[in-house]
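Worksheet: the structure to be examined is printed underneath.
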Amino acid sequence: MSLEDAVGTDTPGTELQTVSDARTMRALAHPVRIALIEALMLGGAMTATEAGERIGESPTTCSFHLRQLAKYGLAEEAGGGRGRARPWRLTGIGLSLAVPEDAESQLAAAAVLSLVRERQLERYRTWRQSMASYPRRWQDAAEDSAYILHLTVEELEQLNKDFAAMLMPLFKERIADPSKRPAGAVPVELLLFSYPIAYPAAGHEEAADDEGTPT
């Protein structure tokens with residue numbers, strides 16, 4: 001379904017919106033816009049006033065930044081209402097960055113991810129400070145672990161693919177259709193960081209690249 005087809009319906013697209021150009025990533029690198037994307041992803045369509053109440057900004061500020069998100073194809077009017085009473089929604093169920101190798105795109109993506117990760121880590125810090133107020137079963141169910149695994153680059157690629165294959169269907173279904181969320185479900189943030197903490201030995205990375213290059 002095209003974006004034009006989706007305008008005026010009650011639900012956004014059911015796929016992640018992929019951002020791959022530096023210009024859009026630079027436009028994303030603003031704390032209010034990141035906050036608005038999170039609010040729309042979790043809360044569904046809402047007006048600038050409603051969004052402002054969620055993220056602690058004025059309706060005027062939210063209205064401006066919602067229009068900027070729409071300019072770059074990341075948000076759209078959901079239909080109904082006028083002026084600041086118009087509801088807005090994301091054009092997909094969330095965002096995914098596909099970053100080209102050029103320096104401009106790399107810098108733009110780094111700025112966006114820095115804002116996103118800082119917000120996520122701040123929520124983690126809030127959880128750690130407030131977890132004692134949650135029911136004991138939720139405290140026990142929440143995970144806080146770290147592992148160091150000795151992996152090849154191929155194994156790391158496969159591990160991340162396996163996690164995505166397990167989690168993405170559940171994410172897509174319950175973000176796109178709130179009716180699929182069981183009673184008692186709450187938003188749970190799962191952060192997965194996987195990164196080498198030592199540089200590959202000379203020759204190993206090149207060998208892996210050569211194996212995947214068709215002749």
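Note on naming: chains are A, B, ... as they come in the structure tokens, residues start from 1 per chain, ligands start from 1 in the order shown.
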
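Once segment 110-126 of chain A and its same-chain neighbours fewer than 4 positions away are set aside, Met25, Arg26, Leu28, Ala29, His30, Pro31, Ile34, Gln106 and Ser130 of chain A remain within 8 Å of it when counting only C-alpha atoms.
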
Serialized selection, C-alpha atoms, as a CSV table (one decimal), in the first residue's frame:
chain,number,residue,atom,x,y,z
A,25,MET,CA,19.3,11.7,8.7
A,26,ARG,CA,20.5,15.2,9.4
A,28,LEU,CA,16.2,13.5,12.1
A,29,ALA,CA,19.1,14.5,14.4
A,30,HIS,CA,17.0,16.8,16.6
A,31,PRO,CA,15.9,15.8,20.1
A,34,ILE,CA,13.3,11.8,18.0
A,106,GLN,CA,28.2,8.2,8.5
A,130,SER,CA,12.5,3.0,40.1

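When DSSP reads the backbone of this structure, the residues of segment 43-198 of chain A it assigns to strand (DSSP E or B) are Met46, Ala75, Glu76, Glu77, Trp88, Arg89, Leu90, Leu95, Ser96 and Leu97 of chain A.
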
Calculated over only C-alpha atoms, which of the candidates A:Ala103, A:Ala98, A:Ala109, A:Leu40 has the smallest distance to Glu76 of chain A?
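Looking only at the distances to Glu76 of chain A, the closest residue turns out to be A:Leu40.
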
Show me, as a list in words, the residues that have an atom within 6 Å of Ile93 of chain A when counting only C-alpha atoms, minus same-chain residues fewer than 6 positions from it.
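Near Ile93 of chain A, the qualifying residues are Thr14, Glu15 and Leu16 of chain A.
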
Here is a test: counting only C-alpha atoms, which residue of A:Ala142, A:Ile37, A:Ala78, A:Ala48 is nearest to Phe64 of chain A?
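Using only C-alpha atoms, Phe64 of chain A sits closest to A:Ala48.
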
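Distance check against Ala198 of chain A using only C-alpha atoms: of A:Ile148, A:Lys71, A:Leu42, A:Gly81, the minimum falls on A:Ile148.
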
So that I can see what lies close to Lys172 of chain A, please list as number ranges by chain the residues with an atom at most 12 Å from it, counting only C-alpha atoms and leaving out residues fewer than 4 positions away in the same chain.
A: 12-16, 41, 92-95, 164-168, 176-178, 180-181

What's the 10 Å shell around Leu66 of chain A, counting only C-alpha atoms, without same-chain residues fewer than 5 positions away, as a PyMOL selection string?
chain A and resi 32-33+36-37+47-48+51+60-61+71+74-77+88-90

What residues in segment 30-212 of chain A get the DSSP label alpha helix (DSSP H)? Please answer as a ChimeraX atom specification.
/A:31-43,48-55,59-71,103-130,136-141,153-176,204-211
